[in-house]
$ cat run26.pdb   # PDB, C-alpha atoms
ATOM      1  CA  MET E 290      33.433 -12.181 -27.528
ATOM      2  CA  ALA E 291      31.724  -8.885 -28.413
ATOM      3  CA  ARG E 292      29.166 -10.820 -30.447
ATOM      4  CA  ALA E 293      28.476 -13.096 -27.492
ATOM      5  CA  ILE E 294      27.813 -10.097 -25.260
ATOM      6  CA  GLU E 295      25.519  -8.575 -27.900
ATOM      7  CA  ARG E 296      23.590 -11.855 -28.104
ATOM      8  CA  ILE E 297      23.220 -11.984 -24.330
ATOM      9  CA  ASP E 298      22.068  -8.342 -24.309
ATOM     10  CA  ARG E 299      19.386  -9.176 -26.865
ATOM     11  CA  ASP E 300      18.240 -12.088 -24.714
ATOM     12  CA  LEU E 301      18.141  -9.830 -21.647
ATOM     13  CA  ALA E 302      16.118  -7.229 -23.539
ATOM     14  CA  MET E 303      13.586  -9.884 -24.562
ATOM     15  CA  LEU E 304      13.353 -11.150 -20.993
ATOM     16  CA  GLU E 305      12.846  -7.622 -19.670
ATOM     17  CA  GLU E 306      10.018  -7.105 -22.140
ATOM     18  CA  ALA E 307       8.388 -10.361 -21.008
ATOM     19  CA  ILE E 308       8.844  -9.360 -17.361
ATOM     20  CA  ARG E 309       7.233  -5.959 -18.020
ATOM     21  CA  ALA E 310       4.221  -7.726 -19.515
ATOM     22  CA  ILE E 311       3.977 -10.032 -16.476
ATOM     23  CA  ALA E 312       4.380  -7.022 -14.159
ATOM     24  CA  ALA E 313       1.449  -5.267 -15.824
ATOM     25  CA  GLU E 314      -0.599  -8.444 -15.495
ATOM     26  CA  LEU E 315       0.379  -8.738 -11.828
ATOM     27  CA  GLN E 316      -0.559  -5.137 -11.048
ATOM     28  CA  SER E 317      -3.903  -5.583 -12.809
ATOM     29  CA  ALA E 318      -4.537  -8.809 -10.866
ATOM     30  CA  TYR E 319      -3.741  -7.065  -7.579
ATOM     31  CA  THR E 320      -6.054  -4.176  -8.443
ATOM     32  CA  ILE E 321      -8.887  -6.663  -8.942
ATOM     33  CA  TYR E 322      -7.920  -8.627  -5.835
ATOM     34  CA  LEU E 323      -7.697  -5.597  -3.545
ATOM     35  CA  THR E 324     -10.989  -4.258  -4.871
ATOM     36  CA  LEU E 325     -12.633  -7.583  -4.036
ATOM     37  CA  LEU E 326     -10.814  -7.730  -0.699
ATOM     38  CA  GLY E 327     -12.074  -4.292   0.277
ATOM     39  CA  GLU E 328     -15.660  -5.324  -0.420
ATOM     40  CA  ALA E 329     -15.215  -8.646   1.393
ATOM     41  CA  VAL E 330     -13.713  -6.952   4.454
ATOM     42  CA  ARG E 331     -16.549  -4.421   4.580
ATOM     43  CA  LYS E 332     -19.116  -7.225   4.633
ATOM     44  CA  GLN E 333     -17.253  -9.476   7.036
ATOM     45  CA  LEU E 334     -16.424  -6.622   9.405
ATOM     46  CA  ILE E 335     -20.143  -5.900   9.694
ATOM     47  CA  LEU E 336     -20.930  -9.603  10.203
ATOM     48  CA  ALA E 337     -18.232  -9.959  12.877
ATOM     49  CA  SER E 338     -19.428  -6.786  14.628
ATOM     50  CA  TYR E 339     -23.020  -8.030  14.466
ATOM     51  CA  HIS E 340     -22.042 -11.342  16.048
ATOM     52  CA  LEU E 341     -19.972  -9.638  18.740
ATOM     53  CA  CYS E 342     -22.773  -7.208  19.680
ATOM     54  CA  THR E 343     -25.650  -9.708  19.539
ATOM     55  CA  GLN E 344     -23.994 -12.966  20.662
ATOM     56  CA  GLY E 345     -20.913 -11.847  22.576
ATOM     57  CA  TYR E 346     -22.190  -8.799  24.464
ATOM     58  CA  PRO E 347     -25.967  -8.545  23.915
ATOM     59  CA  GLU E 348     -26.621  -6.941  27.309
ATOM     60  CA  ASN E 349     -24.098  -4.158  26.671
ATOM     61  CA  PHE E 350     -25.489  -3.515  23.190
ATOM     62  CA  LEU E 351     -29.049  -3.289  24.514
ATOM     63  CA  LYS E 352     -27.949  -0.589  26.978
ATOM     64  CA  LEU E 353     -27.209   1.755  24.058
ATOM     65  CA  SER E 354     -29.861   4.161  22.881
ATOM     66  CA  LEU E 355     -31.149   3.912  19.308
ATOM     67  CA  ASN E 356     -29.009   6.922  18.364
ATOM     68  CA  GLN E 357     -25.892   5.375  19.911
ATOM     69  CA  ARG E 358     -26.460   2.090  18.071
ATOM     70  CA  GLN E 359     -26.891   3.895  14.777
ATOM     71  CA  LYS E 360     -23.740   5.936  15.343
ATOM     72  CA  LEU E 361     -21.762   2.805  16.179
ATOM     73  CA  GLN E 362     -23.005   1.034  13.055
ATOM     74  CA  GLN E 363     -22.250   4.070  10.903
ATOM     75  CA  ALA E 364     -18.718   4.325  12.330
ATOM     76  CA  ILE E 365     -18.073   0.652  11.550
ATOM     77  CA  ARG E 366     -19.305   1.129   7.978
ATOM     78  CA  LYS E 367     -16.985   4.139   7.584
ATOM     79  CA  LEU E 368     -14.003   2.089   8.711
ATOM     80  CA  GLY E 369     -14.795  -0.541   6.096
ATOM     81  CA  LYS E 370     -15.224   2.064   3.367
ATOM     82  CA  GLN E 371     -11.935   3.758   4.233
ATOM     83  CA  LEU E 372     -10.101   0.426   4.131
ATOM     84  CA  SER E 373     -11.457  -0.271   0.631
ATOM     85  CA  GLU E 374     -10.105   3.053  -0.604
ATOM     86  CA  GLN E 375      -6.784   2.635   1.185
ATOM     87  CA  LEU E 376      -6.060  -0.806  -0.266
ATOM     88  CA  LEU E 377      -6.277   0.525  -3.817
ATOM     89  CA  THR E 378      -3.832   3.337  -3.042
ATOM     90  CA  TYR E 379      -1.211   0.690  -2.289
ATOM     91  CA  VAL E 380      -1.299  -0.982  -5.689
ATOM     92  CA  ASN E 381      -1.588   2.316  -7.575
ATOM     93  CA  GLY E 382       1.282   3.960  -5.713
ATOM     94  CA  GLU E 383      -0.914   6.825  -4.560
ATOM     95  CA  ALA E 384      -1.534   8.254  -1.124
ATOM     96  CA  VAL E 385      -4.703   9.407   0.585
ATOM     97  CA  PRO E 386      -4.549  12.496   2.834
ATOM     98  CA  GLU E 387      -2.582  11.879   6.016
ATOM     99  CA  ASP E 388      -4.527  11.401   9.241
ATOM    100  CA  GLU E 389      -7.843  11.143   7.441
ATOM    101  CA  VAL E 390     -10.718  10.846   9.907
ATOM    102  CA  VAL E 391     -12.650   7.699   9.113
ATOM    103  CA  ALA E 392     -15.031   7.270  11.992
ATOM    104  CA  GLU E 393     -16.476   9.219  14.877
ATOM    105  CA  ASN E 394     -16.506   7.765  18.339
ATOM    106  CA  ALA E 395     -19.852   6.067  18.874
ATOM    107  CA  GLY E 396     -19.961   7.123  22.512
ATOM    108  CA  ASN E 397     -18.530  10.653  22.466
ATOM    109  CA  ASP E 398     -19.063  13.289  19.772
ATOM    110  CA  ASP E 399     -15.822  15.058  20.638
ATOM    111  CA  GLU E 400     -13.526  12.099  19.977
ATOM    112  CA  GLU E 401     -12.395  10.744  16.657
ATOM    113  CA  ILE E 402     -10.565   7.699  15.359
ATOM    114  CA  VAL E 403      -7.736   8.363  12.959
ATOM    115  CA  VAL E 404      -6.115   5.980  10.499
ATOM    116  CA  GLU E 405      -2.507   6.462   9.479
ATOM    117  CA  ASN E 406      -1.629   6.163   5.810
ATOM    118  CA  SER E 407       1.192   4.345   4.026
ATOM    119  CA  ARG E 408       2.556   4.844   0.532
ATOM    120  CA  LEU E 409       3.962   2.198  -1.804
ATOM    121  CA  ASN E 410       5.932   3.414  -4.805
ATOM    122  CA  PRO E 411       5.568   1.474  -8.079
ATOM    123  CA  PRO E 412       8.557  -0.774  -8.903
ATOM    124  CA  ASP E 413      10.840  -0.947 -11.923
ATOM    125  CA  SER E 414       8.653  -3.344 -13.891
ATOM    126  CA  SER E 415      11.581  -4.834 -15.816
ATOM    127  CA  LYS E 416      13.563  -5.923 -12.742
ATOM    128  CA  PRO E 417      12.390  -9.190 -11.105
ATOM    129  CA  VAL E 418      14.012  -8.347  -7.753
ATOM    130  CA  GLU E 419      12.238  -4.970  -7.586
ATOM    131  CA  LEU E 420       8.938  -6.594  -8.496
ATOM    132  CA  ALA E 421       9.394  -9.198  -5.765
ATOM    133  CA  LYS E 422      10.100  -6.463  -3.190
ATOM    134  CA  TRP E 423       7.030  -4.538  -4.332
ATOM    135  CA  GLN E 424       4.829  -7.633  -4.088
ATOM    136  CA  ASN E 425       6.126  -8.465  -0.588
ATOM    137  CA  SER E 426       5.574  -4.886   0.571
ATOM    138  CA  LEU E 427       2.054  -4.947  -0.851
ATOM    139  CA  GLU E 428       1.248  -8.111   1.087
ATOM    140  CA  GLU E 429       2.698  -6.642   4.291
ATOM    141  CA  LEU E 430       0.681  -3.441   3.924
ATOM    142  CA  THR E 431      -2.468  -5.479   3.345
ATOM    143  CA  GLN E 432      -1.877  -7.452   6.538
ATOM    144  CA  GLN E 433      -1.165  -4.240   8.455
ATOM    145  CA  ALA E 434      -4.371  -2.687   7.123
ATOM    146  CA  LEU E 435      -6.424  -5.635   8.426
ATOM    147  CA  LYS E 436      -4.746  -5.402  11.828
ATOM    148  CA  LYS E 437      -5.376  -1.657  11.931
ATOM    149  CA  ILE E 438      -9.051  -1.878  11.080
ATOM    150  CA  SER E 439      -9.476  -4.669  13.662
ATOM    151  CA  HIS E 440      -7.820  -2.468  16.266
ATOM    152  CA  ASP E 441      -9.867   0.599  15.342
ATOM    153  CA  THR E 442     -13.115  -1.349  15.449
ATOM    154  CA  ASN E 443     -12.250  -2.726  18.890
ATOM    155  CA  VAL E 444     -11.522   0.821  20.064
ATOM    156  CA  LEU E 445     -14.949   1.876  18.781
ATOM    157  CA  LEU E 446     -16.589  -0.993  20.625
ATOM    158  CA  GLN E 447     -14.717  -0.189  23.845
ATOM    159  CA  LYS E 448     -15.654   3.471  23.716
ATOM    160  CA  ALA E 449     -19.277   2.493  23.071
ATOM    161  CA  ASP E 450     -19.117   0.336  26.244
ATOM    162  CA  ILE E 451     -19.607  -2.901  24.311
ATOM    163  CA  LEU E 452     -16.124  -4.333  24.916
ATOM    164  CA  PRO E 453     -14.667  -4.166  28.450
ATOM    165  CA  LYS E 454     -12.278  -1.242  28.869
ATOM    166  CA  LYS E 455     -10.096  -3.184  31.333
ATOM    167  CA  VAL E 456      -8.639  -5.444  28.651
ATOM    168  CA  PRO E 457      -4.937  -4.508  28.262
ATOM    169  CA  GLU E 458      -4.015  -3.682  24.681
ATOM    170  CA  PRO E 459      -0.875  -5.889  24.695
ATOM    171  CA  ILE E 460      -3.020  -8.924  25.514
ATOM    172  CA  LEU E 461      -5.283  -8.345  22.532
ATOM    173  CA  GLU E 462      -2.267  -7.801  20.280
ATOM    174  CA  ALA E 463      -0.534 -10.951  21.507
ATOM    175  CA  ALA E 464      -3.695 -13.028  21.069
ATOM    176  CA  ALA E 465      -4.224 -11.650  17.565
ATOM    177  CA  ALA E 466      -0.606 -12.394  16.640
ATOM    178  CA  ALA E 467      -0.932 -15.958  17.926
ATOM    179  CA  SER E 468      -4.083 -16.588  15.914
ATOM    180  CA  GLU E 469      -2.468 -15.072  12.812
ATOM    181  CA  ALA E 470       0.477 -17.437  13.169
ATOM    182  CA  ALA E 471      -1.873 -20.427  13.044
ATOM    183  CA  ALA E 472      -2.257 -21.572   9.461
ATOM    184  CA  GLU E 473      -5.615 -23.290   9.946
ATOM    185  CA  ILE E 474      -8.965 -21.515  10.021
ATOM    186  CA  MET E 475      -9.809 -20.739  13.629
ATOM    187  CA  PRO E 476     -12.823 -22.520  15.180
ATOM    188  CA  GLY E 477     -15.924 -20.506  15.968
ATOM    189  CA  PRO E 478     -17.263 -17.400  14.200
ATOM    190  CA  PRO E 479     -14.798 -16.018  11.618
ATOM    191  CA  ASN E 480     -12.753 -12.863  12.202
ATOM    192  CA  LEU E 481     -13.298 -12.893  15.965
ATOM    193  CA  LEU E 482     -10.940 -13.491  18.871
ATOM    194  CA  ASN E 483     -12.178 -15.563  21.780
ATOM    195  CA  LEU E 484      -9.943 -15.650  24.826
ATOM    196  CA  VAL E 485     -10.112 -15.962  28.595
ATOM    197  CA  ILE E 486      -7.955 -13.556  30.614
ATOM    198  CA  GLU E 487      -7.413 -12.815  34.275
ATOM    199  CA  ILE E 488      -8.388  -9.278  35.318
ATOM    200  CA  ASP E 489      -7.318  -7.837  38.678
ATOM    201  CA  ASP E 490      -9.887  -6.280  40.977
ATOM    202  CA  GLU E 491      -9.191  -2.535  41.330
ATOM    203  CA  GLN E 492     -10.635  -2.471  44.869
ATOM    204  CA  ASP E 493      -8.786  -5.571  46.064
ATOM    205  CA  GLU E 494      -5.331  -6.127  44.572
ATOM    206  CA  GLU E 495      -5.277  -9.740  45.771
ATOM    207  CA  GLU E 496      -8.538 -10.588  44.034
ATOM    208  CA  SER E 497      -8.844 -11.346  40.339
ATOM    209  CA  SER E 498     -11.347 -12.981  38.045
ATOM    210  CA  LEU E 499     -11.295 -14.918  34.803
ATOM    211  CA  THR E 500     -13.127 -13.083  32.054
ATOM    212  CA  GLN E 501     -13.997 -14.308  28.581
ATOM    213  CA  ILE E 502     -13.282 -11.683  25.941
ATOM    214  CA  MET E 503     -14.495 -11.509  22.362
ATOM    215  CA  ALA E 504     -12.898  -9.001  19.973
ATOM    216  CA  ILE E 505     -12.665  -8.243  16.250
ATOM    217  CA  ASN E 506      -9.687  -9.923  14.551
ATOM    218  CA  LEU E 507      -9.848  -9.838  10.752
ATOM    219  CA  ARG E 508      -7.616 -12.565   9.302
ATOM    220  CA  LEU E 509      -6.779 -12.625   5.612
ATOM    221  CA  GLY E 510      -7.118 -16.403   5.407
ATOM    222  CA  GLU E 511     -10.619 -16.323   6.886
ATOM    223  CA  VAL E 512     -11.697 -13.407   4.699
ATOM    224  CA  GLU E 513     -10.557 -15.266   1.569
ATOM    225  CA  PHE E 514     -12.025 -18.578   2.737
ATOM    226  CA  ALA E 515     -15.476 -17.012   3.085
ATOM    227  CA  ASP E 516     -15.457 -15.416  -0.401
ATOM    228  CA  ALA E 517     -15.089 -17.725  -3.421
ATOM    229  CA  THR E 518     -14.508 -14.853  -5.868
ATOM    230  CA  LEU E 519     -11.763 -13.397  -3.701
ATOM    231  CA  ALA E 520     -10.138 -16.825  -3.302
ATOM    232  CA  SER E 521     -10.181 -17.272  -7.088
ATOM    233  CA  SER E 522      -8.534 -13.871  -7.518
ATOM    234  CA  ARG E 523      -5.801 -14.879  -5.065
ATOM    235  CA  LYS E 524      -5.220 -18.070  -7.077
ATOM    236  CA  GLN E 525      -4.749 -15.958 -10.206
ATOM    237  CA  ILE E 526      -2.070 -13.912  -8.435
ATOM    238  CA  ARG E 527      -0.260 -17.091  -7.397
ATOM    239  CA  ASN E 528      -0.247 -18.314 -11.011
ATOM    240  CA  ILE E 529       1.239 -15.024 -12.218
ATOM    241  CA  LEU E 530       3.902 -15.146  -9.504
ATOM    242  CA  VAL E 531       4.941 -18.625 -10.675
ATOM    243  CA  GLN E 532       5.500 -17.225 -14.181
ATOM    244  CA  LEU E 533       7.386 -14.250 -12.767
ATOM    245  CA  GLN E 534       9.677 -16.483 -10.699
ATOM    246  CA  LYS E 535      10.494 -18.575 -13.775
ATOM    247  CA  LEU E 536      11.378 -15.467 -15.800
ATOM    248  CA  GLY E 537      13.357 -14.141 -12.854
ATOM    249  CA  ARG E 538      15.525 -17.255 -12.750
ATOM    250  CA  GLU E 539      16.170 -16.997 -16.498
ATOM    251  CA  TYR E 540      17.006 -13.309 -16.115
ATOM    252  CA  GLN E 541      19.528 -13.993 -13.333
ATOM    253  CA  LYS E 542      21.093 -16.752 -15.402
ATOM    254  CA  LYS E 543      21.537 -14.400 -18.390
ATOM    255  CA  GLN E 544      22.987 -11.686 -16.152
ATOM    256  CA  ARG E 545      25.489 -14.209 -14.850
ATOM    257  CA  GLU E 546      26.399 -15.195 -18.412
ATOM    258  CA  ARG E 547      26.943 -11.541 -19.298
ATOM    259  CA  SER E 548      29.191 -10.961 -16.280
ATOM    260  CA  ILE E 549      31.287 -14.003 -17.244
ATOM    261  CA  ALA E 550      31.521 -12.875 -20.878
ATOM    262  CA  GLU E 551      32.562  -9.360 -19.821
ATOM    263  CA  ALA E 552      35.146 -10.737 -17.400
ATOM    264  CA  GLU E 553      36.606 -12.990 -20.093
ATOM    265  CA  ALA E 554      36.776 -10.045 -22.508
ATOM    266  CA  ALA E 555      38.422  -7.864 -19.854
ATOM    267  CA  TRP E 556      40.988 -10.579 -19.134
ATOM    268  CA  ARG E 557      41.927 -10.866 -22.791
ATOM    269  CA  SER E 558      42.103  -7.115 -23.277
ATOM    270  CA  SER E 559      44.488  -6.638 -20.351
ATOM    271  CA  TRP E 560      46.632  -9.747 -20.927
ATOM    272  CA  TYR E 561      50.055  -9.332 -22.487
ATOM    273  CA  GLU E 562      53.116 -11.563 -22.750
ATOM    274  CA  ASP E 563      56.279 -10.549 -20.867
TER
END

$ encode --input "run26.pdb" --output "structure tokens"
Amino acid sequence: MARAIERIDRDLAMLEEAIRAIAAELQSAYTIYLTLLGEAVRKQLILASYHLCTQGYPENFLKLSLNQRQKLQQAIRKLGKQLSEQLLTYVNGEAVPEDEVVAENAGNDDEEIVVENSRLNPPDSSKPVELAKWQNSLEELTQQALKKISHDTNVLLQKADILPKKVPEPILEAAAAASEAAAEIMPGPPNLLNLVIEIDDEQDEEESSLTQIMAINLRLGEVEFADATLASSRKQIRNILVQLQKLGREYQKKQRERSIAEAEAAWRSSWYED
């Protein structure tokens, strides 16, 4: 029985070594993917903002002075740059300074937009369960980062008097969540929300009007769909995860075998005839 346990331990050691190699490959693939994602988001954020300002609210954009337009554009670029840096901190298990200022308000020099930071610790690269948790957390943080930059850009556009200030935040959040839940690519320009809402008249509580609203809503599926290199990088991650899942099943099976072998040995060692 001792020899059986030793054999199982050798098998487990070999599996752990293989899992460590896959883990390193996965982390490298995510580093490449998040680098590409950061660049893609920077470009698509600018394109979505351009469409919103020139097609959605051209009159409001034209009311801005040249200096105000330039400040708005610079603030949007800063948000994209900060996101690129933040995404890489997730996969590397590092943290950027808390409450780092990433963009100045385009309409008021005294106000700032702040982005909160999250930290993701590296996993035990020999344990499939820990790797799976790390990968899931990484995906969740990536989704949260896209939601945050969408929100921050909309705040910029509201403060610059491009987006209407009357739009309740919960409505935008609910609309964004609904569009995120849809698996298909949304019709119309990518990474934008289009919705019609009813806004009450402040002077007359009984009066209200239907207003069409356009807002920034970066969606991971749309960002990947628009960038072939990024989509290819995502496919590479999926392939690695398939290998990891296969090794994980083998690892669990060997652990089960070891537990059974240990239990059988323990039974024999404690058994005695009356």

$ atom_distance --input "run26.pdb" --atom1 "atom CA of E:Thr500" --atom2 "atom CA of E:Ile486"
5.4 Å

$ axis_aligned_box --input "run26.pdb" --around "stretch 332-351 of chain E" --padding-each-side "5 Å" --output "lines of an AutoDock Vina configuration file"
center_x = -22.7
center_y = -8.1
center_z = 16.0
size_x = 22.6
size_y = 19.7
size_z = 32.7

$ closest_residue --input "run26.pdb" --among "E:Ala449, E:Leu435, E:Leu461, E:Leu509" --to "E:Ser354" --atoms "all atoms listed in the file"
E:Ala449

$ residues_around --input "run26.pdb" --residues "E:Pro417" --least-positions-apart "5" --cutoff "9 Å" --atoms "all atoms listed in the file" --output "ChimeraX atom specification"
/E:305,308,312,422,533-534,536-538,540-541

$ atom_distance --input "run26.pdb" --atom1 "atom CA of E:Lys332" --atom2 "atom CA of E:Thr431"
16.8 Å

$ closest_atom_pairs --input "run26.pdb" --of "stretch 296-353 of chain E" --to "stretch 521-526 of chain E" --cutoff "7 Å" --atoms "all atoms listed in the file" --output "Markdown table"
| residue | atom | partner | partner_atom | distance |
| --- | --- | --- | --- | --- |
| E:Leu315 | CA | E:Ile526 | CA | 6.7 |
| E:Ala318 | CA | E:Ile526 | CA | 6.2 |
| E:Tyr322 | CA | E:Ser522 | CA | 5.5 |
